[in-house]
Amino acid sequence: MTSQEELKKQTGYKSVDDYVSSGMVVGLGTGSTAYYAVERLGQKLKSGELKDIVAIPTSIRTKEQAESLGIPLVTLDTHSKLDVAIDGADNVDPFFNLVKGGGGALLREKMVELAADKFIVIVDESKLCGGLGPTFPIPVEITPFCHEHTIRTIAALPSCEGCKAVLRMGSSSNNKVDGDEIAVTDNGNYIVDLHFTEAIKNVPKMAADLKALCGVVDHGLFCGMTTAVLCAGADGVTVTAPEKKNKAEKIVKNMAFLSAAVGLLAVSTMIIRKR
Ligand code: 5RP
């Protein structure tokens with residue numbers, strides 16, 4: 001196994017070990033890193049270490065892998081709320097914004113991951129970047145109907161200024177030109193990859209502008225969704241989480257401490273008064 005493959009395995013396995021427990025509804029991502037999370041879940045179900053799990057796959061590929069491992073599958077139609085979703089990413093910026101969809105599964109990934117209480121992102125160090133755009137093109141899923149018009153409209157958006165919009169050809173599961181036919185997603189749509197030479201200035205604004213365009217089904221910018229990033233590197237797997245969640249957790253902990261202290265004070269006062 002190459003060392004990058006080993007890193008993917010480390011983070012994929014750790015995500016299941018640390019975030020999945022029996023009885024959960026689990027979202028299964030797509031791609032070469034998510035592959036290892038699915039593999040680990042299959043192992044733990046088979047050994048009996050995990051029980052009563054149902055999972056929701058984010059692509060046909062992942063569905064097939066999960067089925068081959070005997071993982072019980074459901075859909076968002078029967079289970080609108082997930083305990084956790086685990087998935088890879090193509091890029092992660094310092095604000096925990098993600099680029100996803102290099103593997104063409106962005107729509108199902110976003111639907112499933114938005115419905116999860118926790119969204120755990122599993123990557124190796126090569127995915128971290130200072131700003132989204134130049135290191136990985138932004139995939140946008142569009143309807144086949146008048147797709148050339150939609151591509152022109154996207155490229156003309158002020159928030160997409162400077163991008164080169166390239167229709168994905170060949171297989172939808174990567175952004176290389178590996179065929180003569182237009183790539184078609186699991187949902188029957190096309191993908192246009194937006195290439196940037198400079199970092200996108202306002203990622204949430206671009207995300208909102210793309211989403212508002214008629215003809216765009218969804219895009220690969222995942223903003224404000226990440227619960228934690230498990231990043232595998234030379235020193236092992238590092239876990240980082242957006243500050244606001246840390247802050248919220250601290251506030252809850254402080255409040256619990258404060259109310260325990262107030263309770264203690266009240267009880268002591270009562271005892272002293274009785275004496
Ligand atoms: C698929 C995705 C993948 O999560 C993303 O492309 C990362 O894949 P990999 O782990 O193979 O690098 O968004 O649509």
# chains A, B, ... in the order shown; residues from 1 in each chain; ligands from 1
$ residues_around --residues "range 32-38 of chain A" --least-positions-apart "3" --cutoff "10 Å" --atoms "only C-alpha atoms" --output "ChimeraX atom specification"
/A:4-17,27-29,41-43,55,57,61-63,65-66,69,71,86-89,103,121-124
$ residues_around --residues "range 147-157 of chain A" --least-positions-apart "5" --cutoff "12 Å" --atoms "only C-alpha atoms" --output "ChimeraX atom specification"
/A:138-142,162-168,182,189-196,205-217,219
$ write_last_selection --atoms "N, CA and C atoms" --output "mmCIF file, in the first residue's frame"
data_model
loop_
_atom_site.group_PDB
_atom_site.id
_atom_site.type_symbol
_atom_site.label_atom_id
_atom_site.label_comp_id
_atom_site.auth_asym_id
_atom_site.auth_seq_id
_atom_site.Cartn_x
_atom_site.Cartn_y
_atom_site.Cartn_z
ATOM 1 N N ILE A 138 -13.896 23.747 -8.908
ATOM 2 C CA ILE A 138 -15.160 23.607 -8.166
ATOM 3 C C ILE A 138 -16.199 22.928 -9.072
ATOM 4 N N PRO A 139 -16.664 21.744 -8.701
ATOM 5 C CA PRO A 139 -17.662 21.064 -9.527
ATOM 6 C C PRO A 139 -19.070 21.651 -9.305
ATOM 7 N N VAL A 140 -19.804 21.784 -10.401
ATOM 8 C CA VAL A 140 -21.185 22.268 -10.298
ATOM 9 C C VAL A 140 -22.054 21.302 -11.098
ATOM 10 N N GLU A 141 -23.080 20.763 -10.463
ATOM 11 C CA GLU A 141 -23.977 19.818 -11.162
ATOM 12 C C GLU A 141 -25.095 20.627 -11.823
ATOM 13 N N ILE A 142 -25.290 20.416 -13.120
ATOM 14 C CA ILE A 142 -26.274 21.214 -13.867
ATOM 15 C C ILE A 142 -27.208 20.278 -14.645
ATOM 16 N N GLY A 162 -13.138 35.228 -13.357
ATOM 17 C CA GLY A 162 -11.809 34.643 -13.553
ATOM 18 C C GLY A 162 -11.823 33.136 -13.728
ATOM 19 N N CYS A 163 -13.009 32.519 -13.608
ATOM 20 C CA CYS A 163 -13.034 31.056 -13.728
ATOM 21 C C CYS A 163 -13.097 30.610 -15.189
ATOM 22 N N LYS A 164 -12.548 29.425 -15.420
ATOM 23 C CA LYS A 164 -12.705 28.783 -16.725
ATOM 24 C C LYS A 164 -13.631 27.584 -16.489
ATOM 25 N N ALA A 165 -14.790 27.605 -17.142
ATOM 26 C CA ALA A 165 -15.790 26.555 -16.907
ATOM 27 C C ALA A 165 -15.602 25.432 -17.927
ATOM 28 N N VAL A 166 -15.380 24.226 -17.416
ATOM 29 C CA VAL A 166 -15.091 23.090 -18.307
ATOM 30 C C VAL A 166 -16.116 21.978 -18.070
ATOM 31 N N LEU A 167 -16.832 21.605 -19.106
ATOM 32 C CA LEU A 167 -17.828 20.533 -18.995
ATOM 33 C C LEU A 167 -17.104 19.201 -18.785
ATOM 34 N N ARG A 168 -17.523 18.435 -17.787
ATOM 35 C CA ARG A 168 -16.834 17.169 -17.489
ATOM 36 C C ARG A 168 -17.154 16.131 -18.576
ATOM 37 N N ILE A 182 -20.242 13.309 -22.872
ATOM 38 C CA ILE A 182 -20.413 14.156 -21.686
ATOM 39 C C ILE A 182 -20.654 13.248 -20.487
ATOM 40 N N ASN A 189 -27.513 14.040 -14.435
ATOM 41 C CA ASN A 189 -27.139 15.425 -14.758
ATOM 42 C C ASN A 189 -25.712 15.518 -15.282
ATOM 43 N N TYR A 190 -25.317 16.729 -15.682
ATOM 44 C CA TYR A 190 -23.941 16.997 -16.115
ATOM 45 C C TYR A 190 -23.185 17.716 -14.998
ATOM 46 N N ILE A 191 -21.847 17.754 -15.166
ATOM 47 C CA ILE A 191 -21.024 18.518 -14.217
ATOM 48 C C ILE A 191 -20.137 19.483 -14.988
ATOM 49 N N VAL A 192 -20.067 20.724 -14.507
ATOM 50 C CA VAL A 192 -19.110 21.677 -15.056
ATOM 51 C C VAL A 192 -18.106 21.975 -13.938
ATOM 52 N N ASP A 193 -16.811 21.888 -14.285
ATOM 53 C CA ASP A 193 -15.756 22.152 -13.305
ATOM 54 C C ASP A 193 -15.228 23.562 -13.514
ATOM 55 N N LEU A 194 -15.248 24.352 -12.425
ATOM 56 C CA LEU A 194 -14.811 25.757 -12.515
ATOM 57 C C LEU A 194 -13.352 25.866 -12.066
ATOM 58 N N HIS A 195 -12.476 26.190 -13.030
ATOM 59 C CA HIS A 195 -11.035 26.293 -12.753
ATOM 60 C C HIS A 195 -10.689 27.738 -12.412
ATOM 61 N N PHE A 196 -9.983 27.906 -11.310
ATOM 62 C CA PHE A 196 -9.546 29.249 -10.877
ATOM 63 C C PHE A 196 -8.026 29.282 -10.765
ATOM 64 N N LYS A 205 -20.494 33.517 -0.611
ATOM 65 C CA LYS A 205 -21.249 34.324 -1.596
ATOM 66 C C LYS A 205 -21.334 33.569 -2.925
ATOM 67 N N MET A 206 -20.203 33.011 -3.336
ATOM 68 C CA MET A 206 -20.206 32.248 -4.594
ATOM 69 C C MET A 206 -21.139 31.039 -4.472
ATOM 70 N N ALA A 207 -21.118 30.401 -3.307
ATOM 71 C CA ALA A 207 -21.996 29.239 -3.089
ATOM 72 C C ALA A 207 -23.457 29.657 -3.233
ATOM 73 N N ALA A 208 -23.810 30.775 -2.616
ATOM 74 C CA ALA A 208 -25.203 31.241 -2.663
ATOM 75 C C ALA A 208 -25.589 31.640 -4.086
ATOM 76 N N ASP A 209 -24.684 32.313 -4.809
ATOM 77 C CA ASP A 209 -24.978 32.756 -6.185
ATOM 78 C C ASP A 209 -25.190 31.557 -7.109
ATOM 79 N N LEU A 210 -24.339 30.542 -6.960
ATOM 80 C CA LEU A 210 -24.482 29.344 -7.802
ATOM 81 C C LEU A 210 -25.809 28.657 -7.517
ATOM 82 N N LYS A 211 -26.115 28.503 -6.246
ATOM 83 C CA LYS A 211 -27.332 27.784 -5.841
ATOM 84 C C LYS A 211 -28.581 28.492 -6.360
ATOM 85 N N ALA A 212 -28.494 29.836 -6.493
ATOM 86 C CA ALA A 212 -29.667 30.614 -6.914
ATOM 87 C C ALA A 212 -29.911 30.554 -8.419
ATOM 88 N N LEU A 213 -28.967 30.002 -9.181
ATOM 89 C CA LEU A 213 -29.110 29.983 -10.646
ATOM 90 C C LEU A 213 -30.029 28.858 -11.107
ATOM 91 N N CYS A 214 -30.990 29.207 -11.945
ATOM 92 C CA CYS A 214 -31.857 28.194 -12.534
ATOM 93 C C CYS A 214 -31.011 27.368 -13.516
ATOM 94 N N GLY A 215 -31.118 26.058 -13.421
ATOM 95 C CA GLY A 215 -30.284 25.191 -14.267
ATOM 96 C C GLY A 215 -29.150 24.556 -13.484
ATOM 97 N N VAL A 216 -28.816 25.204 -12.353
ATOM 98 C CA VAL A 216 -27.819 24.593 -11.445
ATOM 99 C C VAL A 216 -28.581 23.707 -10.457
ATOM 100 N N VAL A 217 -28.166 22.456 -10.351
ATOM 101 C CA VAL A 217 -28.817 21.548 -9.396
ATOM 102 C C VAL A 217 -28.175 21.748 -8.024
ATOM 103 N N HIS A 219 -23.863 22.541 -6.088
ATOM 104 C CA HIS A 219 -22.439 22.771 -6.350
ATOM 105 C C HIS A 219 -21.607 22.114 -5.264
#
$ atom_distance --atom1 "CA of Ser171 in chain A" --atom2 "CA of Asp218 in chain A"
18.7 Å
$ atom_distance --atom1 "CA of Thr30 in chain A" --atom2 "CA of Val184 in chain A"
16.1 Å
$ select_by_dssp --residues "range 33-110 of chain A" --states "strand (DSSP E or B)" --output "mmCIF file with N, CA and C atoms, in the first residue's frame"
data_model
loop_
_atom_site.group_PDB
_atom_site.id
_atom_site.type_symbol
_atom_site.label_atom_id
_atom_site.label_comp_id
_atom_site.auth_asym_id
_atom_site.auth_seq_id
_atom_site.Cartn_x
_atom_site.Cartn_y
_atom_site.Cartn_z
ATOM 1 N N VAL A 54 -27.894 1.311 10.529
ATOM 2 C CA VAL A 54 -28.355 1.406 9.138
ATOM 3 C C VAL A 54 -27.577 2.551 8.500
ATOM 4 N N ALA A 55 -27.319 2.421 7.204
ATOM 5 C CA ALA A 55 -26.486 3.425 6.538
ATOM 6 C C ALA A 55 -27.157 3.945 5.272
ATOM 7 N N ILE A 56 -26.797 5.171 4.931
ATOM 8 C CA ILE A 56 -27.310 5.801 3.702
ATOM 9 C C ILE A 56 -26.123 6.126 2.803
ATOM 10 N N PRO A 57 -26.011 5.475 1.648
ATOM 11 C CA PRO A 57 -24.877 5.731 0.757
ATOM 12 C C PRO A 57 -25.104 6.991 -0.079
ATOM 13 N N LEU A 73 -28.804 -1.039 4.404
ATOM 14 C CA LEU A 73 -28.959 0.296 3.821
ATOM 15 C C LEU A 73 -30.404 0.776 3.873
ATOM 16 N N LEU A 82 -29.855 11.721 10.315
ATOM 17 C CA LEU A 82 -28.718 10.812 10.514
ATOM 18 C C LEU A 82 -27.952 11.240 11.763
ATOM 19 N N ASP A 83 -27.352 10.265 12.433
ATOM 20 C CA ASP A 83 -26.512 10.605 13.581
ATOM 21 C C ASP A 83 -25.179 11.172 13.119
ATOM 22 N N VAL A 84 -24.628 10.567 12.099
ATOM 23 C CA VAL A 84 -23.320 11.005 11.622
ATOM 24 C C VAL A 84 -23.181 10.670 10.135
ATOM 25 N N ALA A 85 -22.462 11.527 9.422
ATOM 26 C CA ALA A 85 -22.077 11.220 8.032
ATOM 27 C C ALA A 85 -20.567 11.376 7.942
ATOM 28 N N ILE A 86 -19.936 10.476 7.201
ATOM 29 C CA ILE A 86 -18.468 10.488 7.077
ATOM 30 C C ILE A 86 -18.128 10.539 5.595
ATOM 31 N N ASP A 87 -17.278 11.508 5.223
ATOM 32 C CA ASP A 87 -16.947 11.624 3.796
ATOM 33 C C ASP A 87 -15.593 12.301 3.598
ATOM 34 N N ASN A 91 -10.772 19.491 -1.165
ATOM 35 C CA ASN A 91 -10.015 20.594 -0.556
ATOM 36 C C ASN A 91 -10.713 21.023 0.734
ATOM 37 N N VAL A 92 -9.905 21.457 1.688
ATOM 38 C CA VAL A 92 -10.436 22.022 2.941
ATOM 39 C C VAL A 92 -9.696 23.331 3.175
ATOM 40 N N LEU A 98 -15.391 23.395 2.283
ATOM 41 C CA LEU A 98 -14.885 22.260 1.522
ATOM 42 C C LEU A 98 -15.176 22.417 0.043
ATOM 43 N N VAL A 99 -14.315 21.791 -0.765
ATOM 44 C CA VAL A 99 -14.700 21.490 -2.158
ATOM 45 C C VAL A 99 -14.963 20.000 -2.183
#
$ select_by_dssp --residues "range 87-245 of chain A" --states "alpha helix (DSSP H)" --output "PyMOL selection string"
chain A and resi 106-114+147-155+203-211+243-245
$ write_last_selection --atoms "N, CA and C atoms" --output "compact mmCIF listing (two decimals), in the first residue's frame"
# COMPACT_ATOMS: atom_id res chain seq x y z
N LEU A 106 -21.55 14.96 -5.61
CA LEU A 106 -21.80 16.10 -4.73
C LEU A 106 -23.26 16.28 -4.31
N LEU A 107 -24.21 16.01 -5.20
CA LEU A 107 -25.62 16.27 -4.84
C LEU A 107 -26.07 15.32 -3.73
N ARG A 108 -25.85 14.03 -3.94
CA ARG A 108 -26.28 13.07 -2.91
C ARG A 108 -25.48 13.28 -1.62
N GLU A 109 -24.20 13.61 -1.77
CA GLU A 109 -23.38 13.86 -0.58
C GLU A 109 -23.96 15.03 0.21
N LYS A 110 -24.29 16.11 -0.50
CA LYS A 110 -24.79 17.29 0.24
C LYS A 110 -26.14 16.99 0.89
N MET A 111 -27.02 16.28 0.18
CA MET A 111 -28.34 15.97 0.74
C MET A 111 -28.19 15.14 2.02
N VAL A 112 -27.34 14.13 1.95
CA VAL A 112 -27.17 13.22 3.10
C VAL A 112 -26.44 13.94 4.24
N GLU A 113 -25.41 14.68 3.91
CA GLU A 113 -24.57 15.28 4.96
C GLU A 113 -25.27 16.46 5.66
N LEU A 114 -26.15 17.14 4.92
CA LEU A 114 -26.93 18.21 5.56
C LEU A 114 -27.93 17.64 6.58
N HIS A 147 -27.53 23.04 -21.40
CA HIS A 147 -26.40 23.14 -20.47
C HIS A 147 -25.38 24.19 -20.90
N GLU A 148 -25.30 24.43 -22.22
CA GLU A 148 -24.30 25.44 -22.67
C GLU A 148 -24.69 26.83 -22.17
N HIS A 149 -26.02 27.07 -22.21
CA HIS A 149 -26.53 28.35 -21.69
C HIS A 149 -26.21 28.47 -20.19
N THR A 150 -26.45 27.38 -19.45
CA THR A 150 -26.20 27.41 -17.99
C THR A 150 -24.71 27.65 -17.71
N ILE A 151 -23.87 26.98 -18.49
CA ILE A 151 -22.42 27.16 -18.28
C ILE A 151 -22.01 28.62 -18.51
N ARG A 152 -22.57 29.23 -19.56
CA ARG A 152 -22.24 30.64 -19.83
C ARG A 152 -22.73 31.53 -18.69
N THR A 153 -23.93 31.20 -18.18
CA THR A 153 -24.51 32.02 -17.10
C THR A 153 -23.65 31.92 -15.83
N ILE A 154 -23.18 30.71 -15.57
CA ILE A 154 -22.32 30.52 -14.38
C ILE A 154 -21.04 31.35 -14.55
N ALA A 155 -20.42 31.23 -15.70
CA ALA A 155 -19.14 31.91 -15.92
C ALA A 155 -19.28 33.43 -15.85
N VAL A 203 -16.20 32.74 -0.55
CA VAL A 203 -16.72 31.39 -0.86
C VAL A 203 -18.23 31.27 -0.58
N PRO A 204 -18.71 31.70 0.61
CA PRO A 204 -20.16 31.58 0.87
C PRO A 204 -21.00 32.36 -0.15
N LYS A 205 -20.49 33.52 -0.61
CA LYS A 205 -21.25 34.32 -1.60
C LYS A 205 -21.33 33.57 -2.92
N MET A 206 -20.20 33.01 -3.34
CA MET A 206 -20.21 32.25 -4.59
C MET A 206 -21.14 31.04 -4.47
N ALA A 207 -21.12 30.40 -3.31
CA ALA A 207 -22.00 29.24 -3.09
C ALA A 207 -23.46 29.66 -3.23
N ALA A 208 -23.81 30.78 -2.62
CA ALA A 208 -25.20 31.24 -2.66
C ALA A 208 -25.59 31.64 -4.09
N ASP A 209 -24.68 32.31 -4.81
CA ASP A 209 -24.98 32.76 -6.19
C ASP A 209 -25.19 31.56 -7.11
N LEU A 210 -24.34 30.54 -6.96
CA LEU A 210 -24.48 29.34 -7.80
C LEU A 210 -25.81 28.66 -7.52
N LYS A 211 -26.12 28.50 -6.25
CA LYS A 211 -27.33 27.78 -5.84
C LYS A 211 -28.58 28.49 -6.36
N GLU A 243 -14.17 26.69 15.18
CA GLU A 243 -14.09 27.40 16.46
C GLU A 243 -15.47 27.56 17.12
N LYS A 244 -16.47 27.91 16.30
CA LYS A 244 -17.77 28.22 16.89
C LYS A 244 -18.33 27.00 17.64
N LYS A 245 -18.06 25.81 17.11
CA LYS A 245 -18.56 24.62 17.80
C LYS A 245 -17.80 24.42 19.11
$ closest_residue --among "A:Ser80, A:Asn97, A:Thr197, A:Ser47" --to "Lys127 in chain A" --atoms "only C-alpha atoms"
A:Asn97
$ closest_residue --among "A:Asp235, A:Asp18, A:Asp117, A:Asp90" --to "ligand 1" --atoms "only C-alpha atoms and all ligand atoms"
A:Asp90
$ atom_distance --atom1 "atom 6 (O, counted along the ligand's line) of ligand 1" --atom2 "CA of Gly23 in chain A"
28.1 Å
$ closest_residue --among "A:Thr58, A:Thr78, A:Thr240, A:Ser68" --to "ligand 1" --atoms "only C-alpha atoms and all ligand atoms"
A:Thr58
$ closest_residue --among "A:Glu161, A:Ala105, A:Pro242, A:Asn187" --to "ligand 1" --atoms "only C-alpha atoms and all ligand atoms"
A:Ala105
$ closest_residue --among "A:Asp77, A:Lys201, A:Thr227, A:Ile60" --to "ligand 1" --atoms "only C-alpha atoms and all ligand atoms"
A:Ile60
